[in-house]
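Asker: Can you read through this structure? Questions will come right after.
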Amino acid sequence: MATARHSGGARAPYSTGIASVAVIAPQAGSSYPGALARRGRDAVAVTLGRGARPAAYRDVAADEAYADVIEYDGDLRRTVKKLKTVGVEAVMAASPAGVELAERIAWQLRLPCSGIPGSTPLRTDRGAQSEALAKAGINVPPGVRTARLAEALEWAASRTLSVYRLAPAALGVPVRPVNCLTPQRIAAVWLQIQEAAYRHSGNASLVLEERAQGRQYVVDSVTQLGPEGPQHTVTGIWTLLRSSTGLLDRTDLLHRHGLLARRLSLYVCRVLDTLGVASGPASCHLAFEPEHGPVLLSANTVTHRSHADEAVWAITDCDPIDATLDGPLFAHRSNRIGSRSRVTRTYVDAQQRDGSRTAMLQDLAGLPTTACIDRVPNSFISQNAALPPGGTWEVVLAHADSEAIEKDCSVIRELTADLHREWRH
């Protein structure tokens with residue numbers, strides 16, 4: 001049954017003249033209400049019903065000030081009627097679990113949505129993406145999507161590969177891909193990954209594929225539906241740099257007008273067309289293989305809002321919320337204006353004693369280029385890359401002078417090394 005409640009107890013009246021935005025299946029701490037309020041919009045949460053999976057999206061946090069909360073109980077017609085009543089003028093998926101419902105609701109309300117309902121797996125499932133791209137002749141790593149370990153091992157046996165990559169088929173599951181050197185390793189981690197995937201998405205299928213070689217990138221984009229069909233605009237390209245151990249060390253925002261950026265952008269636009277992306281923000285995780293060029297690892301509808309993400313979007317003036325609310329104006333601005341700052345996201349191993357962690361936090365905050373310290377990394381990049389086990393902080397550095405950022409990166413490495421030596425002794 002649909003319910004309505006306000007975070008403070010009594011239901012608050014809707015502000016006259018302020019449009020409402022439906023936020024579908026929000027994660028706790030998603031920060032959508034505050035972000036929308038700053039733009040003069042009321043946030044209306046649509047949570048998943050009790051019979052839906054996963055449980056993490058069945059409610060909203062008590063401290064999140066949604067103007068209304070509607071529970072989707074499987075009756076799409078009733079939910080759409082309630083959203084019309086409160087004057088919803090935009091729909092946003094606030095978690096991977098909400099993408100399909102957001103597309104169905106937006107379609108019924110005749111509002112822009114990320115894609116046509118029924119084709120949602122193309123935007124939420126790694127295996128479906130790889131199959132569609134391969135059929136279109138677009139380069140992707142060879143692999144197999146299956147819920148059966150025996151089938152995965154049979155596929156592995158038919159290949160002579162140095163490294164396999166195993167990941168949930170469902171995108172947005174909080175389980176990072178695992179590199180496996182042998183079939184024995186695949187079998188050892190299979191059940192753990194499968195159980196986590198099913199618990200968080202209801203999808204037990206995994207994708208086993210050849211690990212792509214070459215440097216990795218994340219390409220952010222926004223799509224607007226124009227008179228000639230979907231128009232894709234690349235809003236940011238990030239290069240992922242790893243330490244000698246193979247763990248993610250930092251990501252750097254690249255200039256969008258070089259030859260490499262153009263090649264990555266053209267590939268991403270082909271990918272978005274093939275995956276049926278019709279509107280809104282997306283992030284594509286790619287590898288650039290020396291012999292084959294770009295290959296897609298995953299393409300996600302942007303639903304996350306980590307503290308680090310929000311800091312970056314404020315610096316670059318490319319917040320995905322504005323892509324939905326401002327439409328073509330956002331795409332036009334993003335295409336013409338690049339960030340005046342150099343931006344780096346670096347990852348700090350914070351496994352020290354409490355006193356050392358406090359001192360480390362103060363030192364990081366005092367650096368000239370520090371824009372944000374996120375002590376609970378939950379960005380798209382951090383979810384899809386191997387970070388140090390245990391406690392990790394994501395630090396956003398921004399400055400007009402790239403040398404200032406490099407200087408602070410060196411200081412961070414020295415601080416981390418000193419604290420680790422102290423901790424070991």
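Each chain in the structure tokens gets a letter, A, B, ..., in the order shown, and its residues are numbered from 1; ligands are numbered from 1 in order too.
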When DSSP is applied to the backbone of this structure, which of segment 207-375 of chain A are assigned strand (DSSP E or B)? Write them out as number ranges by chain.

Answerer: A: 207-210, 215-226, 229-242, 248-253, 280-289, 293-301, 342-349, 370-374

Asker: Just the residues within 6 Å of segment 214-231 of chain A, please, counting only C-alpha atoms, with nothing from its chain fewer than 2 positions along; format it as number ranges by chain.

Answerer: A: 233-240, 278-289

Asker: Counting only C-alpha atoms, what is within 6 Å of Val23 of chain A, bar same-chain residues fewer than 4 positions away, as a list of chain:residue names?

Answerer: A:Val44, A:Ala45, A:Met92, A:Ala93, A:Ala94

Asker: Atom CA of Pro142 of chain A to atom CA of His304 of chain A: how many Å, to one decimal?

Answerer: 28.2 Å

Asker: Would you mind listing what lies within 8 Å of Ile193 of chain A as JSON, numbers by chain, with only C-alpha atoms counted and same-chain residues fewer than 4 positions away left out?

Answerer: {"A": [167, 168, 175, 189, 197]}

Asker: Please identify all polymer residues within 12 Å of Gly202 of chain A, counting only C-alpha atoms, omitting same-chain residues fewer than 3 positions from it, and present them as an NGL selection string.

Answerer: :A and (51-55 or 96-97 or 147 or 168-171 or 173 or 194-199 or 205-206)

Asker: Smallest atom-to-atom distance to Glu100 of chain A: which of A:Val277, A:Ala132, A:Ile24, A:Ala56, using only C-alpha atoms?

Answerer: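 Of all the options, A:Ile24 lies closest to Glu100 of chain A.
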
Asker: Near Asp363 of chain A, within 12 Å and counting only C-alpha atoms, which residues show up once chain neighbours fewer than 3 positions away are dropped, as a PyMOL selection string?

Answerer: chain A and resi 356-360+366-370+373+395+408+411-416+419

Asker: Keeping C-alpha atoms for every residue in the selection just given, could you write it to a file as a PDB file, in the first residue's frame?

Answerer:
ATOM      1  CA  SER A 356      47.235   8.912  13.660  1.00  0.00           C
ATOM      2  CA  ARG A 357      44.055   9.046  11.571  1.00  0.00           C
ATOM      3  CA  THR A 358      43.049  12.339  13.195  1.00  0.00           C
ATOM      4  CA  ALA A 359      46.475  13.856  12.536  1.00  0.00           C
ATOM      5  CA  MET A 360      46.390  12.555   8.970  1.00  0.00           C
ATOM      6  CA  GLY A 366      45.466  21.700   5.328  1.00  0.00           C
ATOM      7  CA  LEU A 367      46.890  21.066   1.870  1.00  0.00           C
ATOM      8  CA  PRO A 368      46.458  24.048  -0.490  1.00  0.00           C
ATOM      9  CA  THR A 369      44.662  22.068  -3.219  1.00  0.00           C
ATOM     10  CA  THR A 370      42.355  19.913  -1.060  1.00  0.00           C
ATOM     11  CA  ILE A 373      37.993  14.427   1.866  1.00  0.00           C
ATOM     12  CA  VAL A 395      40.714  13.063  -1.526  1.00  0.00           C
ATOM     13  CA  ASP A 408      50.337  17.920  -2.792  1.00  0.00           C
ATOM     14  CA  VAL A 411      53.079  15.256   0.267  1.00  0.00           C
ATOM     15  CA  ILE A 412      50.184  12.802   0.625  1.00  0.00           C
ATOM     16  CA  ARG A 413      52.422   9.866  -0.337  1.00  0.00           C
ATOM     17  CA  GLU A 414      55.027  10.994   2.208  1.00  0.00           C
ATOM     18  CA  LEU A 415      52.408  11.355   4.949  1.00  0.00           C
ATOM     19  CA  THR A 416      51.018   7.906   4.208  1.00  0.00           C
ATOM     20  CA  LEU A 419      52.232   6.867   9.226  1.00  0.00           C
TER      21      LEU A 419
END

Asker: As a PDB file with N, CA, C and O atoms, in the first residue's frame, please: the residues near Thr346 of chain A (cut-off 6 Å, only C-alpha atoms, same-chain neighbours under 6 positions excluded).

Answerer:
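In the end it all went to part_13.pdb:
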ATOM      1  N   ASP A 249      45.550   4.332  -7.481  1.00  0.00           N
ATOM      2  CA  ASP A 249      46.270   5.364  -6.740  1.00  0.00           C
ATOM      3  C   ASP A 249      45.598   6.729  -6.900  1.00  0.00           C
ATOM      4  O   ASP A 249      45.402   7.448  -5.933  1.00  0.00           O
ATOM      5  N   ARG A 250      45.234   7.082  -8.128  1.00  0.00           N
ATOM      6  CA  ARG A 250      44.612   8.382  -8.381  1.00  0.00           C
ATOM      7  C   ARG A 250      43.903   8.363  -9.725  1.00  0.00           C
ATOM      8  O   ARG A 250      44.157   7.503 -10.576  1.00  0.00           O
ATOM      9  N   GLU A 394      38.989   9.006  -0.017  1.00  0.00           N
ATOM     10  CA  GLU A 394      39.123   9.609  -1.334  1.00  0.00           C
ATOM     11  C   GLU A 394      39.304  11.115  -1.149  1.00  0.00           C
ATOM     12  O   GLU A 394      38.469  11.771  -0.515  1.00  0.00           O
ATOM     13  N   VAL A 395      40.394  11.651  -1.681  1.00  0.00           N
ATOM     14  CA  VAL A 395      40.714  13.063  -1.526  1.00  0.00           C
ATOM     15  C   VAL A 395      40.652  13.730  -2.891  1.00  0.00           C
ATOM     16  O   VAL A 395      41.308  13.288  -3.842  1.00  0.00           O
TER      17      VAL A 395
END

Asker: Between atom CA of Thr392 of chain A and atom CA of Val312 of chain A, what is the distance, to one decimal in Å?

Answerer: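 Separating atom CA of Thr392 of chain A from atom CA of Val312 of chain A is a distance of 18.2 Å.
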
Asker: Using atom CA of Pro177 of chain A and atom CA of Arg262 of chain A as the two end points, give the distance in Å to one decimal.

Answerer: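 Atom-to-atom, atom CA of Pro177 of chain A to atom CA of Arg262 of chain A, that is 27.5 Å.
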
Asker: Among segment 198-421 of chain A, which residues does DSSP mark as helix (DSSP H, G or I) when it is run on the backbone? Keep the chain and numbering as in the structure and answer as a PyMOL selection string.

Answerer: chain A and resi 198-201+259-274+307-316+320-326+328-336+354-365+380-383+402-421

Asker: Write a file of the just-selected residues containing C-alpha atoms, as a PDB file, in the first residue's frame.

Answerer:
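Below is the file result.pdb, written as the result:
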ATOM      1  CA  TYR A 198      21.876 -11.776  -5.692  1.00  0.00           C
ATOM      2  CA  ARG A 199      21.458 -10.151  -2.283  1.00  0.00           C
ATOM      3  CA  HIS A 200      21.869  -6.654  -3.685  1.00  0.00           C
ATOM      4  CA  SER A 201      20.160  -7.019  -7.057  1.00  0.00           C
ATOM      5  CA  LEU A 259      43.347  13.079 -30.022  1.00  0.00           C
ATOM      6  CA  LEU A 260      42.958  10.437 -27.300  1.00  0.00           C
ATOM      7  CA  ALA A 261      39.954  12.235 -25.831  1.00  0.00           C
ATOM      8  CA  ARG A 262      38.352  12.428 -29.264  1.00  0.00           C
ATOM      9  CA  ARG A 263      38.842   8.705 -29.883  1.00  0.00           C
ATOM     10  CA  LEU A 264      37.400   7.800 -26.476  1.00  0.00           C
ATOM     11  CA  SER A 265      34.479  10.175 -27.011  1.00  0.00           C
ATOM     12  CA  LEU A 266      33.594   8.757 -30.433  1.00  0.00           C
ATOM     13  CA  TYR A 267      33.675   5.210 -29.039  1.00  0.00           C
ATOM     14  CA  VAL A 268      31.479   6.170 -26.078  1.00  0.00           C
ATOM     15  CA  CYS A 269      28.906   7.820 -28.350  1.00  0.00           C
ATOM     16  CA  ARG A 270      28.653   4.580 -30.374  1.00  0.00           C
ATOM     17  CA  VAL A 271      28.267   2.640 -27.122  1.00  0.00           C
ATOM     18  CA  LEU A 272      25.505   4.919 -25.843  1.00  0.00           C
ATOM     19  CA  ASP A 273      23.613   4.639 -29.137  1.00  0.00           C
ATOM     20  CA  THR A 274      23.837   0.844 -29.047  1.00  0.00           C
ATOM     21  CA  HIS A 307      30.748  13.493  -1.250  1.00  0.00           C
ATOM     22  CA  ALA A 308      33.718  13.293  -3.607  1.00  0.00           C
ATOM     23  CA  ASP A 309      31.379  13.260  -6.624  1.00  0.00           C
ATOM     24  CA  GLU A 310      29.563  16.365  -5.429  1.00  0.00           C
ATOM     25  CA  ALA A 311      32.836  18.206  -4.867  1.00  0.00           C
ATOM     26  CA  VAL A 312      34.009  17.353  -8.397  1.00  0.00           C
ATOM     27  CA  TRP A 313      30.683  18.340  -9.951  1.00  0.00           C
ATOM     28  CA  ALA A 314      30.779  21.688  -8.142  1.00  0.00           C
ATOM     29  CA  ILE A 315      34.280  22.355  -9.483  1.00  0.00           C
ATOM     30  CA  THR A 316      33.487  21.304 -13.060  1.00  0.00           C
ATOM     31  CA  PRO A 320      24.010  15.246 -13.221  1.00  0.00           C
ATOM     32  CA  ILE A 321      20.990  16.738 -11.459  1.00  0.00           C
ATOM     33  CA  ASP A 322      21.372  19.825 -13.642  1.00  0.00           C
ATOM     34  CA  ALA A 323      21.523  17.568 -16.703  1.00  0.00           C
ATOM     35  CA  THR A 324      18.003  16.404 -15.873  1.00  0.00           C
ATOM     36  CA  LEU A 325      16.597  19.750 -14.785  1.00  0.00           C
ATOM     37  CA  ASP A 326      18.226  22.061 -17.348  1.00  0.00           C
ATOM     38  CA  PRO A 328      19.702  21.143 -23.579  1.00  0.00           C
ATOM     39  CA  LEU A 329      21.074  24.194 -21.737  1.00  0.00           C
ATOM     40  CA  PHE A 330      23.250  21.918 -19.585  1.00  0.00           C
ATOM     41  CA  ALA A 331      24.561  19.984 -22.595  1.00  0.00           C
ATOM     42  CA  HIS A 332      25.322  23.212 -24.461  1.00  0.00           C
ATOM     43  CA  ARG A 333      27.201  24.678 -21.484  1.00  0.00           C
ATOM     44  CA  SER A 334      29.125  21.460 -20.808  1.00  0.00           C
ATOM     45  CA  ASN A 335      30.179  21.168 -24.441  1.00  0.00           C
ATOM     46  CA  ARG A 336      31.583  24.693 -24.555  1.00  0.00           C
ATOM     47  CA  ASP A 354      42.746   6.667  15.787  1.00  0.00           C
ATOM     48  CA  GLY A 355      45.261   9.303  16.867  1.00  0.00           C
ATOM     49  CA  SER A 356      47.235   8.912  13.660  1.00  0.00           C
ATOM     50  CA  ARG A 357      44.055   9.046  11.571  1.00  0.00           C
ATOM     51  CA  THR A 358      43.049  12.339  13.195  1.00  0.00           C
ATOM     52  CA  ALA A 359      46.475  13.856  12.536  1.00  0.00           C
ATOM     53  CA  MET A 360      46.390  12.555   8.970  1.00  0.00           C
ATOM     54  CA  LEU A 361      42.959  14.097   8.413  1.00  0.00           C
ATOM     55  CA  GLN A 362      44.170  17.474   9.638  1.00  0.00           C
ATOM     56  CA  ASP A 363      47.263  17.324   7.426  1.00  0.00           C
ATOM     57  CA  LEU A 364      45.182  16.443   4.355  1.00  0.00           C
ATOM     58  CA  ALA A 365      42.644  19.182   5.047  1.00  0.00           C
ATOM     59  CA  PHE A 380      31.470   5.159  -9.515  1.00  0.00           C
ATOM     60  CA  ILE A 381      35.245   5.094  -9.913  1.00  0.00           C
ATOM     61  CA  SER A 382      35.944   3.706  -6.449  1.00  0.00           C
ATOM     62  CA  GLN A 383      33.235   1.066  -6.872  1.00  0.00           C
ATOM     63  CA  SER A 402      48.873  21.244 -12.192  1.00  0.00           C
ATOM     64  CA  GLU A 403      52.228  21.543 -10.418  1.00  0.00           C
ATOM     65  CA  ALA A 404      50.433  22.509  -7.201  1.00  0.00           C
ATOM     66  CA  ILE A 405      48.430  19.285  -7.395  1.00  0.00           C
ATOM     67  CA  GLU A 406      51.537  17.202  -8.083  1.00  0.00           C
ATOM     68  CA  LYS A 407      53.249  18.782  -5.075  1.00  0.00           C
ATOM     69  CA  ASP A 408      50.337  17.920  -2.792  1.00  0.00           C
ATOM     70  CA  CYS A 409      50.160  14.370  -4.199  1.00  0.00           C
ATOM     71  CA  SER A 410      53.811  13.937  -3.218  1.00  0.00           C
ATOM     72  CA  VAL A 411      53.079  15.256   0.267  1.00  0.00           C
ATOM     73  CA  ILE A 412      50.184  12.802   0.625  1.00  0.00           C
ATOM     74  CA  ARG A 413      52.422   9.866  -0.337  1.00  0.00           C
ATOM     75  CA  GLU A 414      55.027  10.994   2.208  1.00  0.00           C
ATOM     76  CA  LEU A 415      52.408  11.355   4.949  1.00  0.00           C
ATOM     77  CA  THR A 416      51.018   7.906   4.208  1.00  0.00           C
ATOM     78  CA  ALA A 417      54.467   6.290   4.189  1.00  0.00           C
ATOM     79  CA  ASP A 418      55.433   7.978   7.495  1.00  0.00           C
ATOM     80  CA  LEU A 419      52.232   6.867   9.226  1.00  0.00           C
ATOM     81  CA  HIS A 420      52.600   3.301   7.982  1.00  0.00           C
ATOM     82  CA  ARG A 421      56.157   3.159   9.331  1.00  0.00           C
TER      83      ARG A 421
END

Asker: Pick the closest to Leu111 of chain A from A:Leu191, A:Ala385, A:Ala136, A:Val88: which is it, counting only C-alpha atoms?

Answerer: A:Val88

Asker: Between A:Arg104, A:Arg211, A:Arg145, A:Arg58, which has the minimum distance to Arg77 of chain A (counting only C-alpha atoms)?

Answerer: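 Closest to Arg77 of chain A of all the choices is A:Arg104.
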